[in-house]
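Enquirer: Next comes my_file_16.csv, CSV, C-alpha atoms:
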```csv
chain,number,residue,atom,x,y,z
A,1,MET,CA,25.1,23.9,8.1
A,2,ASN,CA,22.4,22.9,10.6
A,3,LYS,CA,18.9,24.0,9.8
A,4,LYS,CA,16.1,24.7,12.2
A,5,HIS,CA,12.6,23.6,11.1
A,6,GLU,CA,9.5,25.7,12.0
A,7,SER,CA,8.6,23.0,14.5
A,8,GLY,CA,11.7,23.8,16.5
A,9,CYS,CA,13.5,20.7,15.4
A,10,LYS,CA,17.1,21.3,14.5
A,11,GLU,CA,18.3,19.3,11.4
A,12,LEU,CA,21.9,18.1,11.9
A,13,THR,CA,24.5,17.1,9.4
A,14,LEU,CA,26.2,13.7,9.7
A,15,ARG,CA,29.3,15.3,11.2
A,16,LYS,CA,27.2,17.2,13.8
A,17,THR,CA,25.3,14.1,14.6
A,18,ALA,CA,28.5,12.2,15.2
A,19,ALA,CA,29.7,15.0,17.5
A,20,PHE,CA,26.4,14.9,19.4
A,21,LEU,CA,26.8,11.2,20.0
A,22,LYS,CA,30.3,11.6,21.3
A,23,LYS,CA,29.3,14.5,23.6
A,24,HIS,CA,26.8,12.6,25.8
A,25,ASN,CA,27.3,9.5,27.9
A,26,ASN,CA,24.0,7.8,28.8
A,27,TYR,CA,21.6,6.8,26.0
A,28,ILE,CA,18.1,5.3,25.7
A,29,ILE,CA,17.6,4.1,22.1
A,30,LEU,CA,13.9,3.7,21.1
A,31,THR,CA,12.5,1.7,18.2
A,32,HIS,CA,9.1,2.0,16.6
A,33,ALA,CA,6.2,-0.3,17.6
A,34,SER,CA,5.7,-3.6,15.6
A,35,PRO,CA,9.5,-3.6,15.2
A,36,ASP,CA,11.0,-4.7,11.9
A,37,GLY,CA,14.5,-5.5,10.9
A,38,ASP,CA,15.6,-2.0,10.2
A,39,THR,CA,14.5,-0.3,13.4
A,40,LEU,CA,15.9,-3.2,15.5
A,41,GLY,CA,19.1,-3.5,13.4
A,42,SER,CA,19.7,0.2,13.6
A,43,ALA,CA,19.0,0.4,17.3
A,44,TYR,CA,21.3,-2.5,18.2
A,45,ALA,CA,24.1,-1.5,15.8
A,46,LEU,CA,24.1,2.0,17.5
A,47,TYR,CA,24.0,0.3,20.9
A,48,TYR,CA,27.0,-1.8,20.2
A,49,ALA,CA,28.9,1.2,18.7
A,50,LEU,CA,28.2,3.4,21.7
A,51,ASN,CA,29.4,0.6,24.0
A,52,GLU,CA,32.5,0.4,21.9
A,53,ILE,CA,33.4,4.0,22.7
A,54,GLY,CA,32.6,3.7,26.4
A,55,LYS,CA,29.1,5.0,26.5
A,56,VAL,CA,26.2,3.5,28.5
A,57,ALA,CA,23.2,2.7,26.5
A,58,CYS,CA,20.1,0.5,26.3
A,59,VAL,CA,17.5,-0.4,23.6
A,60,VAL,CA,13.8,0.0,24.5
A,61,CYS,CA,11.2,-1.5,22.2
A,62,PRO,CA,7.4,-0.8,22.6
A,63,ASP,CA,6.6,-4.4,21.8
A,64,VAL,CA,8.1,-7.8,22.4
A,65,ILE,CA,11.1,-8.4,20.1
A,66,PRO,CA,10.5,-11.4,17.9
A,67,GLN,CA,12.7,-14.4,18.6
A,68,LYS,CA,14.0,-14.5,15.1
A,69,TYR,CA,16.2,-11.5,15.8
A,70,ASP,CA,18.0,-13.2,18.7
A,71,TYR,CA,21.2,-13.5,16.7
A,72,PHE,CA,21.9,-9.8,17.3
A,73,ALA,CA,19.2,-8.5,19.6
A,74,ARG,CA,20.5,-9.1,23.1
A,75,LYS,CA,19.2,-8.0,26.5
A,76,THR,CA,20.6,-4.6,27.3
A,77,ASP,CA,21.3,-2.9,30.6
A,78,HIS,CA,18.7,-0.6,32.2
A,79,VAL,CA,19.6,3.1,31.8
A,80,SER,CA,17.9,5.6,34.1
A,81,ARG,CA,15.8,8.4,32.5
A,82,GLU,CA,17.7,10.8,34.7
A,83,ASN,CA,20.4,12.5,32.7
A,84,ALA,CA,19.8,10.1,29.8
A,85,THR,CA,19.9,11.3,26.1
A,86,VAL,CA,16.9,9.7,24.2
A,87,ILE,CA,17.4,8.6,20.6
A,88,ALA,CA,14.7,7.4,18.2
A,89,VAL,CA,15.9,5.3,15.2
A,90,ASP,CA,13.8,4.7,12.1
A,91,VAL,CA,10.9,6.5,13.7
A,92,ALA,CA,9.1,8.9,11.2
A,93,ASP,CA,6.4,10.0,13.6
A,94,GLU,CA,6.1,10.1,17.4
A,95,ARG,CA,2.9,8.1,17.2
A,96,LEU,CA,4.9,5.1,15.9
A,97,LEU,CA,6.4,4.8,19.4
A,98,GLY,CA,3.2,3.0,20.4
A,99,ALA,CA,3.1,2.1,24.1
A,100,LEU,CA,6.2,4.3,24.6
A,101,GLN,CA,4.6,7.5,23.2
A,102,GLU,CA,3.1,8.7,26.5
A,103,GLU,CA,6.3,8.3,28.4
A,104,PHE,CA,8.6,9.8,25.8
A,105,ALA,CA,6.4,12.3,24.0
A,106,GLY,CA,8.3,15.6,23.6
A,107,GLN,CA,11.4,13.9,25.2
A,108,ILE,CA,13.3,12.7,22.1
A,109,ASP,CA,16.6,14.4,22.0
A,110,ILE,CA,17.6,13.2,18.5
A,111,CYS,CA,16.0,11.1,15.8
A,112,ILE,CA,18.0,9.3,13.2
A,113,ASP,CA,15.9,8.4,10.2
A,114,HIS,CA,15.5,8.0,6.4
A,115,HIS,CA,11.8,8.5,5.9
A,116,ILE,CA,10.8,11.5,3.7
A,117,SER,CA,7.6,11.8,5.8
A,118,ASN,CA,9.5,12.4,9.1
A,119,THR,CA,7.4,14.8,11.1
A,120,ARG,CA,10.4,16.4,12.9
A,121,PHE,CA,9.0,15.6,16.3
A,122,ALA,CA,12.5,15.4,17.9
A,123,LYS,CA,14.6,18.2,19.3
A,124,ASN,CA,17.3,17.3,16.7
A,125,LEU,CA,17.1,15.2,13.5
A,126,TYR,CA,19.6,13.5,11.3
A,127,LEU,CA,17.6,12.7,8.1
A,128,ASP,CA,19.0,11.1,5.0
A,129,THR,CA,16.1,10.4,2.6
A,130,THR,CA,18.5,8.9,0.0
A,131,ALA,CA,19.4,6.1,2.4
A,132,ALA,CA,17.8,2.7,1.6
A,133,ALA,CA,17.4,2.0,5.4
A,134,ALA,CA,18.0,3.7,8.7
A,135,ALA,CA,20.8,1.1,9.2
A,136,GLU,CA,22.6,2.8,6.3
A,137,CYS,CA,22.6,6.0,8.3
A,138,ILE,CA,23.9,4.2,11.4
A,139,TYR,CA,26.7,2.7,9.4
A,140,ASP,CA,27.7,6.2,8.1
A,141,LEU,CA,27.8,7.5,11.6
A,142,ILE,CA,29.8,4.6,12.9
A,143,ALA,CA,32.3,5.0,10.1
A,144,LEU,CA,32.6,8.7,10.6
A,145,MET,CA,33.2,8.2,14.4
A,146,LYS,CA,35.9,5.6,13.5
A,147,VAL,CA,34.2,3.0,15.8
A,148,ASN,CA,35.4,-0.6,15.3
A,149,ILE,CA,32.6,-2.8,13.8
A,150,ASN,CA,32.4,-6.4,15.1
A,151,ASP,CA,30.5,-9.4,13.8
A,152,ILE,CA,27.3,-8.7,15.8
A,153,THR,CA,27.2,-5.1,14.8
A,154,ALA,CA,27.6,-6.1,11.1
A,155,LYS,CA,24.8,-8.6,11.5
A,156,ALA,CA,22.5,-5.9,12.8
A,157,ILE,CA,23.3,-3.5,10.0
A,158,TYR,CA,23.0,-6.1,7.3
A,159,THR,CA,19.6,-7.1,8.7
A,160,GLY,CA,18.4,-3.5,8.5
A,161,LEU,CA,19.6,-3.2,4.9
A,162,ALA,CA,18.1,-6.5,3.8
A,163,THR,CA,14.7,-6.2,5.4
A,164,ASP,CA,14.0,-2.6,4.3
A,165,THR,CA,15.0,-3.3,0.7
A,166,GLY,CA,13.1,-6.6,0.4
A,167,CYS,CA,16.4,-8.5,0.1
A,168,PHE,CA,17.8,-5.8,-2.2
A,169,LYS,CA,14.8,-5.9,-4.6
A,170,TYR,CA,13.1,-2.6,-4.0
A,171,SER,CA,13.6,0.7,-5.8
A,172,ASN,CA,15.2,2.3,-2.7
A,173,VAL,CA,18.4,0.2,-3.4
A,174,THR,CA,21.3,2.2,-4.7
A,175,GLU,CA,24.9,1.5,-5.6
A,176,LYS,CA,25.9,2.6,-2.1
A,177,THR,CA,23.5,0.0,-0.6
A,178,HIS,CA,25.2,-2.8,-2.5
A,179,LEU,CA,28.7,-1.5,-1.7
A,180,LEU,CA,27.8,-1.3,2.0
A,181,ALA,CA,26.4,-4.9,1.9
A,182,ALA,CA,29.6,-6.0,0.2
A,183,GLU,CA,31.6,-4.4,3.0
A,184,LEU,CA,29.6,-6.3,5.6
A,185,TYR,CA,30.7,-9.5,4.0
A,186,ASN,CA,34.1,-8.9,5.5
A,187,PHE,CA,32.6,-9.9,8.8
A,188,ASN,CA,31.1,-13.2,9.9
A,189,ILE,CA,27.5,-12.3,9.2
A,190,ASP,CA,26.2,-15.5,7.5
A,191,ALA,CA,24.0,-13.5,5.1
A,192,PRO,CA,22.3,-16.6,3.6
A,193,GLU,CA,21.1,-17.6,7.1
A,194,ILE,CA,19.9,-14.1,7.8
A,195,ASN,CA,18.0,-14.0,4.5
A,196,ARG,CA,16.5,-17.4,5.2
A,197,LEU,CA,15.2,-16.3,8.6
A,198,MET,CA,13.9,-12.9,7.4
A,199,PHE,CA,12.3,-14.0,4.0
A,200,ASP,CA,12.0,-17.8,3.7
A,201,THR,CA,10.7,-19.0,7.0
A,202,LYS,CA,7.2,-18.8,8.4
A,203,PRO,CA,5.1,-20.8,10.9
A,204,LYS,CA,2.2,-23.0,9.7
A,205,LYS,CA,-0.3,-20.8,11.4
A,206,LEU,CA,0.8,-17.9,9.2
A,207,LEU,CA,0.1,-20.0,6.1
A,208,GLU,CA,-3.4,-20.6,7.4
A,209,LEU,CA,-3.9,-16.8,7.9
A,210,GLU,CA,-2.5,-16.0,4.5
A,211,LYS,CA,-5.1,-18.4,2.9
A,212,MET,CA,-7.9,-16.6,4.7
A,213,VAL,CA,-6.5,-13.2,3.6
A,214,LEU,CA,-6.3,-14.3,-0.1
A,215,ASP,CA,-9.8,-15.9,0.0
A,216,SER,CA,-11.2,-12.5,1.0
A,217,ALA,CA,-9.0,-10.4,-1.3
A,218,GLU,CA,-10.7,-7.6,-3.3
A,219,PHE,CA,-9.7,-5.9,-6.5
A,220,HIS,CA,-10.6,-2.3,-7.5
A,221,PHE,CA,-10.0,0.2,-10.2
A,222,ASP,CA,-9.6,-2.2,-13.1
A,223,ASP,CA,-7.5,-4.5,-10.9
A,224,LYS,CA,-4.9,-1.9,-10.3
A,225,CYS,CA,-5.6,-2.0,-6.6
A,226,ILE,CA,-5.8,-5.0,-4.3
A,227,ILE,CA,-7.1,-5.0,-0.7
A,228,LEU,CA,-6.0,-7.7,1.7
A,229,THR,CA,-7.8,-7.7,5.0
A,230,VAL,CA,-6.6,-9.2,8.3
A,231,THR,CA,-9.5,-9.1,10.8
A,232,GLU,CA,-9.4,-9.6,14.5
A,233,GLN,CA,-11.4,-12.9,14.0
A,234,MET,CA,-8.7,-14.2,11.5
A,235,GLN,CA,-6.0,-13.4,14.1
A,236,ASN,CA,-7.9,-15.1,16.9
A,237,GLU,CA,-8.6,-18.2,14.8
A,238,THR,CA,-5.0,-18.7,13.7
A,239,GLY,CA,-3.2,-17.3,16.7
A,240,CYS,CA,-1.2,-14.9,14.5
A,241,SER,CA,-0.6,-11.4,15.7
A,242,GLY,CA,1.9,-8.5,16.0
A,243,THR,CA,5.1,-8.8,14.0
A,244,GLU,CA,4.0,-12.2,12.6
A,245,LEU,CA,1.8,-10.2,10.2
A,246,GLU,CA,4.6,-8.2,8.7
A,247,GLY,CA,4.8,-10.4,5.6
A,248,ILE,CA,1.1,-10.0,4.6
A,249,ALA,CA,1.8,-6.6,3.0
A,250,VAL,CA,4.5,-8.1,0.8
A,251,ILE,CA,2.0,-10.4,-0.9
A,252,SER,CA,0.3,-7.5,-2.7
A,253,ARG,CA,3.6,-6.6,-4.4
A,254,SER,CA,3.6,-9.9,-6.4
A,255,VAL,CA,0.2,-9.5,-8.1
A,256,GLU,CA,0.6,-8.7,-11.8
A,257,GLY,CA,-0.9,-5.4,-12.9
A,258,VAL,CA,-1.4,-4.1,-9.3
A,259,LYS,CA,-0.1,-0.6,-8.7
A,260,ALA,CA,-1.5,-0.2,-5.2
A,261,GLY,CA,-1.4,-3.0,-2.7
A,262,VAL,CA,-3.4,-2.3,0.5
A,263,THR,CA,-3.3,-4.4,3.6
A,264,ILE,CA,-5.8,-3.5,6.3
A,265,LYS,CA,-5.0,-5.1,9.7
A,266,GLN,CA,-7.4,-4.7,12.6
A,267,THR,CA,-5.7,-3.6,15.8
A,268,ASP,CA,-8.8,-2.7,17.9
A,269,THR,CA,-12.6,-2.7,17.7
A,270,GLU,CA,-12.7,0.3,15.3
A,271,GLU,CA,-9.0,0.8,14.6
A,272,PHE,CA,-7.0,-0.5,11.6
A,273,LYS,CA,-3.4,-0.3,10.5
A,274,VAL,CA,-3.2,0.4,6.8
A,275,SER,CA,0.0,-0.7,5.0
A,276,LEU,CA,0.4,0.4,1.4
A,277,ARG,CA,2.8,-0.8,-1.3
A,278,THR,CA,2.8,1.0,-4.6
A,279,TYR,CA,4.5,1.0,-8.0
A,280,PRO,CA,5.1,4.1,-10.2
A,281,PRO,CA,3.4,6.3,-10.9
A,282,LEU,CA,1.5,6.0,-7.6
A,283,ASP,CA,3.0,7.4,-4.4
A,284,ALA,CA,2.4,5.5,-1.2
A,285,SER,CA,3.7,8.3,1.0
A,286,GLU,CA,1.3,10.8,-0.5
A,287,ILE,CA,-1.7,8.4,-0.2
A,288,CYS,CA,-0.9,7.7,3.5
A,289,LYS,CA,-0.3,11.3,4.2
A,290,LYS,CA,-4.0,11.9,3.3
A,291,LEU,CA,-4.8,9.2,5.9
A,292,GLY,CA,-2.7,10.8,8.6
A,293,GLY,CA,0.3,8.6,8.1
A,294,GLY,CA,3.4,8.5,6.0
A,295,GLY,CA,6.5,6.6,4.9
A,296,HIS,CA,8.3,6.1,1.6
A,297,LYS,CA,7.3,6.6,-2.0
A,298,ASN,CA,6.7,2.9,-2.5
A,299,ALA,CA,5.9,1.8,1.0
A,300,ALA,CA,3.9,3.7,3.7
A,301,ALA,CA,1.4,3.2,6.5
A,302,ALA,CA,-1.3,4.9,8.5
A,303,THR,CA,-3.8,4.2,11.3
A,304,VAL,CA,-7.4,4.7,10.3
A,305,LEU,CA,-10.4,4.7,12.6
A,306,GLY,CA,-13.9,3.3,11.9
A,307,ASN,CA,-15.5,0.0,11.1
A,308,LEU,CA,-14.0,-2.1,8.3
A,309,GLU,CA,-16.2,-0.9,5.5
A,310,GLN,CA,-15.7,2.7,6.5
A,311,VAL,CA,-11.9,2.2,6.5
A,312,LYS,CA,-12.0,0.5,3.1
A,313,ALA,CA,-14.0,3.4,1.7
A,314,THR,CA,-11.6,6.0,3.2
A,315,VAL,CA,-8.5,4.2,1.9
A,316,LEU,CA,-10.0,3.6,-1.6
A,317,GLY,CA,-10.9,7.3,-1.8
A,318,ALA,CA,-7.2,8.3,-1.1
A,319,VAL,CA,-5.9,5.7,-3.6
A,320,LYS,CA,-8.4,6.9,-6.2
A,321,GLU,CA,-7.3,10.5,-5.7
A,322,ASN,CA,-3.7,9.7,-6.2
A,323,MET,CA,-4.5,7.6,-9.3
A,324,GLU,CA,-6.4,10.5,-10.8
A,325,GLU,CA,-3.4,12.8,-10.2
A,326,ALA,CA,-0.9,10.2,-11.4
A,327,TYR,CA,-2.8,9.3,-14.6
A,328,ALA,CA,-3.2,13.0,-15.7
A,329,GLY,CA,-6.7,13.4,-14.3
A,330,THR,CA,-8.2,10.3,-15.9
A,331,SER,CA,-10.1,8.2,-13.4
A,332,SER,CA,-9.3,4.5,-13.0
A,333,ALA,CA,-12.3,4.0,-10.8
A,334,GLU,CA,-14.8,1.2,-11.2
```
Represent the structure of the file as structure tokens.
Expert:
Amino acid sequence: MNKKHESGCKELTLRKTAAFLKKHNNYIILTHASPDGDTLGSAYALYYALNEIGKVACVVCPDVIPQKYDYFARKTDHVSRENATVIAVDVADERLLGALQEEFAGQIDICIDHHISNTRFAKNLYLDTTAAAAAECIYDLIALMKVNINDITAKAIYTGLATDTGCFKYSNVTEKTHLLAAELYNFNIDAPEINRLMFDTKPKKLLELEKMVLDSAEFHFDDKCIILTVTEQMQNETGCSGTELEGIAVISRSVEGVKAGVTIKQTDTEEFKVSLRTYPPLDASEICKKLGGGGHKNAAAATVLGNLEQVKATVLGAVKENMEEAYAGTSSAE
């Protein structure tokens, strides 16, 4: 049964979502800004599937798509806004559309997502919070619609799965995730090469930036929290920016004893993107919700305004509050 949220967003079942996609003919598929493997993999897998059943579609990304995704992210035809159905994939909040927000605000016909923090900004929503990646949702839709999957579609779906699970290491991985990945091995996806590109390859300039970030790392709350800062000056000196900075947030996951890994990346004079990675009992989604953002239980993000010291103080306050709740009211503060 479909449910209507108080925002006016109608929540659709998987079957109703498949029927929705079959009903319309012209689609504009939107990804979120600073695109990662899941939003791009989901968008292109859906694009190829819609093409397979005779639909006209295009993928529109707010930012330049990194070259490393060229093995599945091809240039798509232009689709006119007139009579087009607009889909957002892996977009939990309208603000994540970045440069596309002004053009498409209030115009999203359906959102396909897996984030528990989804703000229900679209007219319709298919949300599966048990899915490890939005690509898992797309696969379910394609399978239900009985659309033939080819090698390039399989590559896109595998990329979404692998990147949103940290190469199948994160706690969002389920039995279903592994079974789906195994199914994709029936196609010519070259999983080792995808994993090399996504996880084991970085430019020299990124190593230089990582050194700067680690040299300025801060520990708080009895070393349970680490703050990694990427300033505008660091980005200018190394030439690293945009999606090249994705991997910085992952570094905080590897520090022994850390329960909250905070990466603060400067995006404007007094604007910072905060990426948070947590381990139980902390909840990244709840912390970032206090900062005006959201995401998953173990990985979330928010945009915070102010100068760097103000942003650090704001983020540490939110982390401390979650720590006090998680540790039964006992403060872990310095």
Enquirer: Around the point (24.6, 9.1, 19.6) in the file's coordinates, collect all residues with an atom within 10 Å, using only C-alpha atoms, and return them as a list in words.
Expert: Thr17, Ala18, Ala19, Phe20, Leu21, Lys22, Lys23, His24, Asn25, Asn26, Tyr27, Ile28, Ile29, Leu46, Tyr47, Ala49, Leu50, Lys55, Ala57, Thr85, Val86, Ile87, Asp109, Ile110, Cys111, Ile112, Ile138, Leu141 and Ile142 of chain A
Enquirer: Would you list the residues near (11.2, 15.8, 7.9), meaning any protein, DNA or RNA residue with an atom at most 12 Å from that point in file coordinates, counting only C-alpha atoms, as a PyMOL selection string?
Expert: chain A and resi 3-12+91-93+111-122+124-129+294-296
Enquirer: Can you work out the spacing between atom CA of A:Leu96 and atom CA of A:Lys169 in Å, to one decimal?
Expert: 25.3 Å
Enquirer: With all atoms listed in the file as the basis for distance, which of A:Lys273, A:His178, A:Lys289, A:Lys312 is at the shortest distance from A:Cys225?
Expert: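 So, comparing all the options, the nearest one is A:Lys312.
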Enquirer: Nearest to A:Leu30 among A:Tyr44, A:Tyr279, A:Phe221, A:Phe168, with distances taken over all atoms listed in the file: which residue is it?
Expert: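 Under the stated criterion, the closest residue is A:Tyr44.
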Enquirer: Which neighbours of A:Ala318 fall inside 8 Å, counting only C-alpha atoms, when residues of the same chain fewer than 4 positions from it are skipped, and could you give them as an mmCIF file with C-alpha atoms, in the frame of the given file?
Expert:
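The result, stored in selection-v7.cif:
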```
data_model
loop_
_atom_site.group_PDB
_atom_site.id
_atom_site.type_symbol
_atom_site.label_atom_id
_atom_site.label_comp_id
_atom_site.auth_asym_id
_atom_site.auth_seq_id
_atom_site.Cartn_x
_atom_site.Cartn_y
_atom_site.Cartn_z
ATOM 1 C CA ILE A 287 -1.700 8.400 -0.200
ATOM 2 C CA CYS A 288 -0.900 7.700 3.500
ATOM 3 C CA LYS A 290 -4.000 11.900 3.300
ATOM 4 C CA LEU A 291 -4.800 9.200 5.900
ATOM 5 C CA THR A 314 -11.600 6.000 3.200
ATOM 6 C CA ASN A 322 -3.700 9.700 -6.200
#
```
Enquirer: For atom CA of A:Glu286 and atom CA of A:Gly37, quote the distance in Å rounded to one decimal.
Expert: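 Separation of atom CA of A:Glu286 and atom CA of A:Gly37: 23.9 Å.
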Enquirer: Restrict the calculation to all atoms listed in the file, then for each residue of stretch 50-121 of chain A with any atom at most 10 Å from an atom of stretch 190-212 of chain A give the closest atom pair and their distance in Å to one decimal, rows by chain and rising residue number, as a tab-separated table.
Expert:
```
residue	atom	partner	partner_atom	distance
A:Lys68	CA	A:Leu197	CA	6.9
A:Tyr69	CA	A:Leu197	CA	8.7
A:Tyr71	CA	A:Ile194	CA	9.0
```
Enquirer: Write out as a list in words which residues come within 9 Å of A:Ile189 when counting all atoms listed in the file, dropping same-chain ones fewer than 3 positions away.
Expert: Asp151, Ile152, Ala154, Lys155, Ala156, Tyr158, Leu184, Tyr185, Asn186, Pro192, Glu193 and Ile194 of chain A
Enquirer: Can you work out the spacing between atom CA of A:Ala135 and atom CA of A:Asn51 in Å, to one decimal?
Expert: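 The value is 17.1 Å.
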Enquirer: Taking all atoms listed in the file into account, which of A:Val319, A:Gly166, A:Ala302, A:Leu308 comes nearest A:Ile251?
Expert: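 Distance minimum relative to A:Ile251 lands on A:Gly166.
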